[in-house]
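K.L.:
Hey, dropping coords_14.json in here, JSON, C-alpha atoms:
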```
[["chain", "number", "residue", "atom", "x", "y", "z"],
["A", 1, "MET", "CA", -22.78, -14.16, -1.61],
["A", 2, "ARG", "CA", -20.02, -14.22, -4.18],
["A", 3, "LYS", "CA", -18.51, -17.54, -5.19],
["A", 4, "ILE", "CA", -14.75, -17.14, -5.06],
["A", 5, "ILE", "CA", -12.09, -19.80, -5.49],
["A", 6, "THR", "CA", -8.46, -19.03, -4.68],
["A", 7, "VAL", "CA", -5.66, -21.29, -5.87],
["A", 8, "SER", "CA", -2.27, -21.18, -4.17],
["A", 9, "ARG", "CA", 0.26, -23.59, -5.57],
["A", 10, "GLU", "CA", 3.77, -24.90, -5.69],
["A", 11, "PHE", "CA", 5.49, -24.20, -8.97],
["A", 12, "GLY", "CA", 5.01, -27.03, -11.45],
["A", 13, "SER", "CA", 2.15, -28.60, -9.49],
["A", 14, "GLY", "CA", -0.48, -27.82, -12.11],
["A", 15, "GLY", "CA", -2.32, -25.29, -9.95],
["A", 16, "ARG", "CA", -2.77, -22.79, -12.75],
["A", 17, "GLU", "CA", -4.26, -25.43, -15.06],
["A", 18, "LEU", "CA", -6.54, -26.59, -12.25],
["A", 19, "GLY", "CA", -7.72, -23.01, -11.70],
["A", 20, "LYS", "CA", -8.48, -22.54, -15.39],
["A", 21, "ARG", "CA", -10.47, -25.76, -15.52],
["A", 22, "LEU", "CA", -12.45, -24.84, -12.41],
["A", 23, "ALA", "CA", -13.28, -21.46, -13.94],
["A", 24, "GLU", "CA", -14.57, -23.22, -17.05],
["A", 25, "ILE", "CA", -16.64, -25.73, -15.05],
["A", 26, "PHE", "CA", -18.31, -23.03, -12.93],
["A", 27, "GLY", "CA", -18.48, -20.40, -15.67],
["A", 28, "MET", "CA", -16.48, -18.03, -13.49],
["A", 29, "ASN", "CA", -14.01, -15.36, -14.49],
["A", 30, "TYR", "CA", -10.39, -16.54, -14.39],
["A", 31, "VAL", "CA", -8.07, -13.97, -12.80],
["A", 32, "ASP", "CA", -4.30, -14.25, -12.97],
["A", 33, "GLY", "CA", -2.18, -11.85, -15.02],
["A", 34, "GLU", "CA", -4.96, -9.25, -14.99],
["A", 35, "ILE", "CA", -3.98, -8.28, -11.43],
["A", 36, "ALA", "CA", -0.37, -7.68, -12.36],
["A", 37, "GLY", "CA", -1.51, -5.68, -15.37],
["A", 38, "ALA", "CA", -3.83, -3.51, -13.27],
["A", 39, "VAL", "CA", -1.09, -2.72, -10.75],
["A", 40, "SER", "CA", 1.30, -2.08, -13.61],
["A", 41, "GLU", "CA", -1.04, 0.53, -15.06],
["A", 42, "GLU", "CA", -1.35, 2.29, -11.70],
["A", 43, "LYS", "CA", 2.40, 2.40, -11.08],
["A", 44, "SER", "CA", 3.66, 2.54, -14.67],
["A", 45, "LEU", "CA", 5.76, -0.56, -14.14],
["A", 46, "TYR", "CA", 6.19, -3.38, -16.59],
["A", 47, "GLU", "CA", 3.89, -6.35, -16.12],
["A", 48, "THR", "CA", 6.96, -8.55, -16.50],
["A", 49, "TYR", "CA", 8.44, -6.90, -13.41],
["A", 50, "LEU", "CA", 5.35, -7.56, -11.33],
["A", 51, "SER", "CA", 4.98, -11.13, -12.52],
["A", 52, "GLY", "CA", 8.63, -11.75, -11.77],
["A", 53, "LYS", "CA", 8.61, -9.97, -8.43],
["A", 54, "TYR", "CA", 5.57, -11.62, -6.92],
["A", 55, "GLU", "CA", 4.97, -14.74, -8.98],
["A", 56, "SER", "CA", 8.52, -15.36, -10.25],
["A", 57, "GLY", "CA", 7.47, -16.07, -13.82],
["A", 58, "ILE", "CA", 7.99, -19.44, -15.49],
["A", 59, "PHE", "CA", 11.77, -19.64, -15.57],
["A", 60, "GLY", "CA", 12.34, -16.14, -16.83],
["A", 61, "TYR", "CA", 13.14, -12.88, -15.08],
["A", 62, "PRO", "CA", 12.52, -9.23, -16.01],
["A", 63, "PRO", "CA", 14.91, -7.75, -18.58],
["A", 64, "SER", "CA", 18.16, -6.30, -17.32],
["A", 65, "GLY", "CA", 19.03, -2.62, -17.36],
["A", 66, "ALA", "CA", 16.59, 0.20, -16.66],
["A", 67, "HIS", "CA", 13.73, -2.14, -15.82],
["A", 68, "SER", "CA", 15.57, -4.64, -13.60],
["A", 69, "PHE", "CA", 14.73, -5.21, -9.93],
["A", 70, "SER", "CA", 17.61, -2.98, -8.85],
["A", 71, "CYS", "CA", 15.89, 0.13, -10.17],
["A", 72, "ILE", "CA", 12.95, -0.45, -7.80],
["A", 73, "GLY", "CA", 14.50, -2.14, -4.83],
["A", 74, "SER", "CA", 12.99, -0.51, -1.74],
["A", 75, "VAL", "CA", 11.20, -2.56, 0.89],
["A", 76, "ASN", "CA", 8.61, 0.17, 1.37],
["A", 77, "ASN", "CA", 7.89, 0.21, -2.34],
["A", 78, "SER", "CA", 7.45, -3.57, -2.36],
["A", 79, "ALA", "CA", 5.00, -3.33, 0.53],
["A", 80, "MET", "CA", 3.10, -0.62, -1.32],
["A", 81, "MET", "CA", 2.92, -2.76, -4.46],
["A", 82, "ILE", "CA", 1.57, -5.72, -2.48],
["A", 83, "ALA", "CA", -1.02, -3.45, -0.85],
["A", 84, "ARG", "CA", -2.16, -2.20, -4.28],
["A", 85, "GLN", "CA", -2.33, -5.75, -5.56],
["A", 86, "HIS", "CA", -4.51, -6.79, -2.63],
["A", 87, "LYS", "CA", -6.77, -3.77, -3.10],
["A", 88, "ILE", "CA", -7.37, -4.81, -6.71],
["A", 89, "ILE", "CA", -8.04, -8.41, -5.64],
["A", 90, "ARG", "CA", -10.74, -7.22, -3.23],
["A", 91, "GLU", "CA", -12.30, -5.02, -5.91],
["A", 92, "ILE", "CA", -12.45, -7.93, -8.34],
["A", 93, "ALA", "CA", -13.95, -10.28, -5.73],
["A", 94, "ALA", "CA", -16.59, -7.69, -4.84],
["A", 95, "ARG", "CA", -17.95, -7.49, -8.36],
["A", 96, "THR", "CA", -17.70, -10.97, -9.85],
["A", 97, "ASP", "CA", -17.61, -14.69, -9.13],
["A", 98, "CYS", "CA", -14.10, -15.78, -10.00],
["A", 99, "VAL", "CA", -11.12, -18.07, -9.65],
["A", 100, "ILE", "CA", -8.04, -16.14, -8.55],
["A", 101, "ILE", "CA", -4.57, -17.63, -8.94],
["A", 102, "GLY", "CA", -1.97, -16.86, -6.28],
["A", 103, "ARG", "CA", -1.11, -13.27, -5.33],
["A", 104, "GLY", "CA", -2.22, -13.64, -1.72],
["A", 105, "ALA", "CA", -5.92, -13.95, -2.54],
["A", 106, "SER", "CA", -6.46, -16.80, -0.08],
["A", 107, "ALA", "CA", -5.26, -14.60, 2.78],
["A", 108, "VAL", "CA", -6.83, -11.25, 1.86],
["A", 109, "LEU", "CA", -10.37, -12.31, 0.96],
["A", 110, "ASN", "CA", -11.52, -13.68, 4.31],
["A", 111, "GLU", "CA", -14.68, -11.58, 4.30],
["A", 112, "PHE", "CA", -15.75, -13.27, 1.04],
["A", 113, "LYS", "CA", -15.27, -16.77, 2.48],
["A", 114, "PRO", "CA", -13.52, -18.06, -0.63],
["A", 115, "PHE", "CA", -12.94, -21.73, -1.28],
["A", 116, "ARG", "CA", -9.19, -21.83, -0.69],
["A", 117, "ILE", "CA", -7.12, -24.46, -2.46],
["A", 118, "PHE", "CA", -3.43, -25.27, -2.09],
["A", 119, "VAL", "CA", -1.90, -27.43, -4.81],
["A", 120, "TYR", "CA", 1.35, -29.33, -4.36],
["A", 121, "ALA", "CA", 3.23, -32.27, -5.87],
["A", 122, "ASP", "CA", 6.40, -34.30, -5.46],
["A", 123, "MET", "CA", 9.54, -32.98, -7.15],
["A", 124, "PRO", "CA", 9.71, -35.57, -9.99],
["A", 125, "SER", "CA", 6.14, -34.68, -11.00],
["A", 126, "LYS", "CA", 6.89, -30.96, -10.89],
["A", 127, "ILE", "CA", 10.04, -31.39, -12.97],
["A", 128, "ALA", "CA", 8.13, -33.47, -15.53],
["A", 129, "ARG", "CA", 5.37, -30.85, -15.73],
["A", 130, "CYS", "CA", 7.91, -28.06, -16.21],
["A", 131, "ARG", "CA", 9.61, -30.00, -18.98],
["A", 132, "SER", "CA", 6.30, -30.59, -20.75],
["A", 133, "ARG", "CA", 5.64, -26.86, -20.80],
["A", 134, "ALA", "CA", 9.15, -25.54, -21.44],
["A", 135, "ASP", "CA", 10.05, -23.53, -24.51],
["A", 136, "GLY", "CA", 11.91, -25.46, -27.17],
["A", 137, "GLY", "CA", 15.03, -23.39, -26.54],
["A", 138, "GLU", "CA", 15.28, -24.32, -22.87],
["A", 139, "ASP", "CA", 17.72, -27.14, -22.21],
["A", 140, "LEU", "CA", 17.99, -27.56, -18.46],
["A", 141, "SER", "CA", 19.05, -30.56, -16.41],
["A", 142, "ASP", "CA", 16.71, -31.97, -13.77],
["A", 143, "LYS", "CA", 18.95, -30.46, -11.08],
["A", 144, "GLN", "CA", 18.74, -27.01, -12.69],
["A", 145, "ILE", "CA", 14.96, -27.24, -12.92],
["A", 146, "GLU", "CA", 14.73, -28.38, -9.31],
["A", 147, "ARG", "CA", 16.84, -25.44, -8.14],
["A", 148, "LYS", "CA", 14.61, -23.01, -10.03],
["A", 149, "ILE", "CA", 11.44, -24.59, -8.64],
["A", 150, "LYS", "CA", 12.79, -24.31, -5.10],
["A", 151, "SER", "CA", 13.84, -20.70, -5.69],
["A", 152, "ILE", "CA", 10.42, -19.72, -7.02],
["A", 153, "ASP", "CA", 8.56, -21.48, -4.22],
["A", 154, "GLY", "CA", 10.92, -19.92, -1.68],
["A", 155, "ALA", "CA", 10.06, -16.46, -3.00],
["A", 156, "ARG", "CA", 6.34, -17.22, -2.84],
["A", 157, "LYS", "CA", 6.70, -18.44, 0.74],
["A", 158, "LYS", "CA", 8.57, -15.31, 1.83],
["A", 159, "THR", "CA", 6.04, -13.00, 0.18],
["A", 160, "HIS", "CA", 3.17, -14.92, 1.80],
["A", 161, "GLU", "CA", 4.76, -14.45, 5.22],
["A", 162, "LEU", "CA", 4.54, -10.66, 4.80],
["A", 163, "TYR", "CA", 0.75, -10.57, 5.09],
["A", 164, "ALA", "CA", -0.68, -13.95, 6.11],
["A", 165, "ALA", "CA", -1.32, -15.23, 9.64],
["A", 166, "TYR", "CA", -0.68, -18.83, 8.56],
["A", 167, "GLY", "CA", 2.20, -20.47, 6.74],
["A", 168, "TRP", "CA", 2.31, -20.94, 2.97],
["A", 169, "GLY", "CA", 0.98, -24.44, 2.39],
["A", 170, "ASP", "CA", -0.17, -24.83, 6.01],
["A", 171, "LYS", "CA", -3.41, -26.84, 5.90],
["A", 172, "ALA", "CA", -4.90, -24.54, 8.56],
["A", 173, "GLY", "CA", -5.10, -21.78, 5.95],
["A", 174, "TYR", "CA", -6.92, -23.72, 3.22],
["A", 175, "ASP", "CA", -10.16, -25.58, 2.67],
["A", 176, "LEU", "CA", -8.59, -28.21, 0.44],
["A", 177, "CYS", "CA", -4.96, -29.27, -0.14],
["A", 178, "ILE", "CA", -4.43, -31.32, -3.29],
["A", 179, "ASN", "CA", -1.47, -33.55, -4.14],
["A", 180, "THR", "CA", -1.32, -33.68, -7.94],
["A", 181, "SER", "CA", 1.66, -36.03, -8.18],
["A", 182, "GLY", "CA", 1.05, -38.19, -11.24],
["A", 183, "ALA", "CA", -2.57, -37.05, -11.41],
["A", 184, "ASP", "CA", -4.72, -36.08, -14.39],
["A", 185, "ILE", "CA", -5.52, -32.40, -13.72],
["A", 186, "ALA", "CA", -8.71, -32.57, -15.77],
["A", 187, "ARG", "CA", -10.05, -35.34, -13.52],
["A", 188, "VAL", "CA", -8.79, -33.56, -10.40],
["A", 189, "ALA", "CA", -10.71, -30.47, -11.51],
["A", 190, "GLU", "CA", -13.97, -32.44, -11.84],
["A", 191, "ILE", "CA", -13.66, -33.89, -8.34],
["A", 192, "THR", "CA", -12.57, -30.56, -6.87],
["A", 193, "ALA", "CA", -15.54, -28.82, -8.47],
["A", 194, "GLU", "CA", -17.91, -31.23, -6.71],
["A", 195, "TYR", "CA", -16.25, -30.51, -3.38],
["A", 196, "ALA", "CA", -16.32, -26.76, -4.03],
["A", 197, "SER", "CA", -20.03, -26.92, -4.87],
["A", 198, "GLU", "CA", -20.74, -28.49, -1.49],
["A", 199, "TYR", "CA", -18.64, -25.82, 0.18],
["A", 200, "PHE", "CA", -20.62, -23.03, -1.50],
["A", 201, "LYS", "CA", -23.91, -24.68, -0.54],
["A", 202, "ARG", "CA", -22.88, -24.91, 3.12],
["A", 203, "ASN", "CA", -21.79, -21.29, 3.21],
["A", 204, "SER", "CA", -24.95, -20.16, 1.46],
["A", 205, "VAL", "CA", -27.12, -21.84, 4.10],
["A", 206, "GLN", "CA", -25.01, -20.46, 6.95],
["A", 207, "GLY", "CA", -25.23, -16.98, 5.46],
["A", 208, "GLU", "CA", -29.04, -16.96, 5.35]]
```
Since I need it in another form, could you write the structure as structure tokens?
P.N.:
Amino acid sequence: MRKIITVSREFGSGGRELGKRLAEIFGMNYVDGEIAGAVSEEKSLYETYLSGKYESGIFGYPPSGAHSFSCIGSVNNSAMMIARQHKIIREIAARTDCVIIGRGASAVLNEFKPFRIFVYADMPSKIARCRSRADGGEDLSDKQIERKIKSIDGARKKTHELYAAYGWGDKAGYDLCINTSGADIARVAEITAEYASEYFKRNSVQGE
């Protein structure tokens, strides 16, 4: 049985860093932007568009003009893009042990019995994390950062509702929900890895 970890997360919660550290601990492949790139190749769309459309980027958005959202725009096309993304996620999970960040993996990989994590944090912690990772040229107030965080998380929630039977962040849809407020992500990763190991052992025994 494949060992798959999916990481869903609020923006600024440290979920991506946690996923990277878990991949290193377990020696698994780390899958994030590769999915957007694979869909981009199939549809000849810019990876920046896909990252912005479904993951909402850091604080940036796709360039204006010919490659803006308005040139795509159809609901049917968006549904098709999500379906392609999920197809690629399943293909990746079928061939390798991996940690997959976001992109609906927790909801679409039920047959693989992934270890599903949701990462969240209080707003001050998320703002502080965003500031620590911001480009030098970004000069945003805390209120501006908070609005952007809420906008990004709102988009993730709406996208999740298109294909999942449970709510985004609803504990019923995850095996572990982690509050990283003020936490050291490196230490959180170590503890989470121990919990994940037990999860994989239980599922291995049940699958025999």
K.L.:
So how many Å separate CA of Leu22 (chain A) and CA of Ala105 (chain A), to one decimal?
P.N.:
16.1 Å
K.L.:
Pick the closest to Phe118 (chain A) from A:Leu162, A:Ala172, A:Met81, A:Ile178: which is it, counting all atoms listed in the file?
P.N.:
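Checking each candidate against Phe118 (chain A), we get A:Ile178 as the closest.
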K.L.:
Would you pick out the contacts of Asn203 (chain A) at 12 Å or less, using only C-alpha atoms, so that residues sharing its chain but fewer than 4 positions from it are not included, and give the list as a list in words?
P.N.:
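So, after excluding close chain neighbours, the residues are Met1, Arg2, Lys3, Ile4, Phe112, Lys113, Pro114, Phe115, Ala196, Ser197, Glu198, Tyr199, Gly207 and Glu208 of chain A.
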K.L.:
Need the shell around Tyr163 (chain A): protein/DNA/RNA residues with any atom at most 9 Å away, counting all atoms listed in the file. Skip same-chain ones fewer than 6 positions apart. Format as JSON, numbers by chain?
P.N.:
{"A": [104, 107, 108]}
K.L.:
At a cut-off of 12 Å, using all atoms listed in the file, what residues contact Ile127 (chain A)? Leave out same-chain residues fewer than 2 positions from it and give the result as a ChimeraX atom specification.
P.N.:
/A:10-14,121-125,129-134,140-150,181-182
K.L.:
Could you write out the selected residues, including C-alpha atoms, as a PDB file, keeping the file's coordinate frame?
P.N.:
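Below is the file selection.pdb, written as the result:
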```pdb
ATOM      1  CA  GLU A  10       3.770 -24.900  -5.690  1.00  0.00           C
ATOM      2  CA  PHE A  11       5.490 -24.200  -8.970  1.00  0.00           C
ATOM      3  CA  GLY A  12       5.010 -27.030 -11.450  1.00  0.00           C
ATOM      4  CA  SER A  13       2.150 -28.600  -9.490  1.00  0.00           C
ATOM      5  CA  GLY A  14      -0.480 -27.820 -12.110  1.00  0.00           C
ATOM      6  CA  ALA A 121       3.230 -32.270  -5.870  1.00  0.00           C
ATOM      7  CA  ASP A 122       6.400 -34.300  -5.460  1.00  0.00           C
ATOM      8  CA  MET A 123       9.540 -32.980  -7.150  1.00  0.00           C
ATOM      9  CA  PRO A 124       9.710 -35.570  -9.990  1.00  0.00           C
ATOM     10  CA  SER A 125       6.140 -34.680 -11.000  1.00  0.00           C
ATOM     11  CA  ARG A 129       5.370 -30.850 -15.730  1.00  0.00           C
ATOM     12  CA  CYS A 130       7.910 -28.060 -16.210  1.00  0.00           C
ATOM     13  CA  ARG A 131       9.610 -30.000 -18.980  1.00  0.00           C
ATOM     14  CA  SER A 132       6.300 -30.590 -20.750  1.00  0.00           C
ATOM     15  CA  ARG A 133       5.640 -26.860 -20.800  1.00  0.00           C
ATOM     16  CA  ALA A 134       9.150 -25.540 -21.440  1.00  0.00           C
ATOM     17  CA  LEU A 140      17.990 -27.560 -18.460  1.00  0.00           C
ATOM     18  CA  SER A 141      19.050 -30.560 -16.410  1.00  0.00           C
ATOM     19  CA  ASP A 142      16.710 -31.970 -13.770  1.00  0.00           C
ATOM     20  CA  LYS A 143      18.950 -30.460 -11.080  1.00  0.00           C
ATOM     21  CA  GLN A 144      18.740 -27.010 -12.690  1.00  0.00           C
ATOM     22  CA  ILE A 145      14.960 -27.240 -12.920  1.00  0.00           C
ATOM     23  CA  GLU A 146      14.730 -28.380  -9.310  1.00  0.00           C
ATOM     24  CA  ARG A 147      16.840 -25.440  -8.140  1.00  0.00           C
ATOM     25  CA  LYS A 148      14.610 -23.010 -10.030  1.00  0.00           C
ATOM     26  CA  ILE A 149      11.440 -24.590  -8.640  1.00  0.00           C
ATOM     27  CA  LYS A 150      12.790 -24.310  -5.100  1.00  0.00           C
ATOM     28  CA  SER A 181       1.660 -36.030  -8.180  1.00  0.00           C
ATOM     29  CA  GLY A 182       1.050 -38.190 -11.240  1.00  0.00           C
TER      30      GLY A 182
END
```
K.L.:
Just give me the residues with any atom within 7 Å of (-2.7, -23.2, -7.9), file coordinates, counting all atoms listed in the file, written as a PDB file with C-alpha atoms, in the coordinates of the input.
P.N.:
```pdb
ATOM      1  CA  VAL A   7      -5.660 -21.290  -5.870  1.00  0.00           C
ATOM      2  CA  SER A   8      -2.270 -21.180  -4.170  1.00  0.00           C
ATOM      3  CA  ARG A   9       0.260 -23.590  -5.570  1.00  0.00           C
ATOM      4  CA  GLY A  14      -0.480 -27.820 -12.110  1.00  0.00           C
ATOM      5  CA  GLY A  15      -2.320 -25.290  -9.950  1.00  0.00           C
ATOM      6  CA  ARG A  16      -2.770 -22.790 -12.750  1.00  0.00           C
ATOM      7  CA  LEU A  18      -6.540 -26.590 -12.250  1.00  0.00           C
ATOM      8  CA  GLY A  19      -7.720 -23.010 -11.700  1.00  0.00           C
ATOM      9  CA  ILE A 101      -4.570 -17.630  -8.940  1.00  0.00           C
ATOM     10  CA  GLY A 102      -1.970 -16.860  -6.280  1.00  0.00           C
ATOM     11  CA  PHE A 118      -3.430 -25.270  -2.090  1.00  0.00           C
ATOM     12  CA  VAL A 119      -1.900 -27.430  -4.810  1.00  0.00           C
TER      13      VAL A 119
END
```
K.L.:
When you look at Ser106 (chain A) with a cut-off of 7 Å (counting only C-alpha atoms), what residues show up, excluding the ones that are within fewer than 3 positions of it in the same chain? I need them as a PyMOL selection string.
P.N.:
chain A and resi 6+109+116
K.L.:
May I have the residues from that selection written out with C-alpha atoms, as a short mmCIF file (atom, residue, chain, number, x, y, z; two decimals), in the coordinates of the input?
P.N.:
```
data_model
loop_
_atom_site.label_atom_id
_atom_site.label_comp_id
_atom_site.auth_asym_id
_atom_site.auth_seq_id
_atom_site.Cartn_x
_atom_site.Cartn_y
_atom_site.Cartn_z
CA THR A 6 -8.46 -19.03 -4.68
CA LEU A 109 -10.37 -12.31 0.96
CA ARG A 116 -9.19 -21.83 -0.69
#
```
K.L.:
Could you jot down the CA of Tyr30 (chain A) to CA of Arg103 (chain A) separation for me, Å, one decimal place?
P.N.:
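According to the coordinates, CA of Tyr30 (chain A) and CA of Arg103 (chain A) are separated by 13.4 Å.
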K.L.:
For CA of Ala23 (chain A) and CA of Lys87 (chain A), quote the distance in Å rounded to one decimal.
P.N.:
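Value for the CA of Ala23 (chain A)-CA of Lys87 (chain A) distance: 21.7 Å.
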K.L.:
Compare A:Ser204, A:Gly173, A:Glu111, A:Thr180 by their minimum atom-to-atom distance to His160 (chain A), counting only C-alpha atoms, and give me the closest one.
P.N.:
A:Gly173
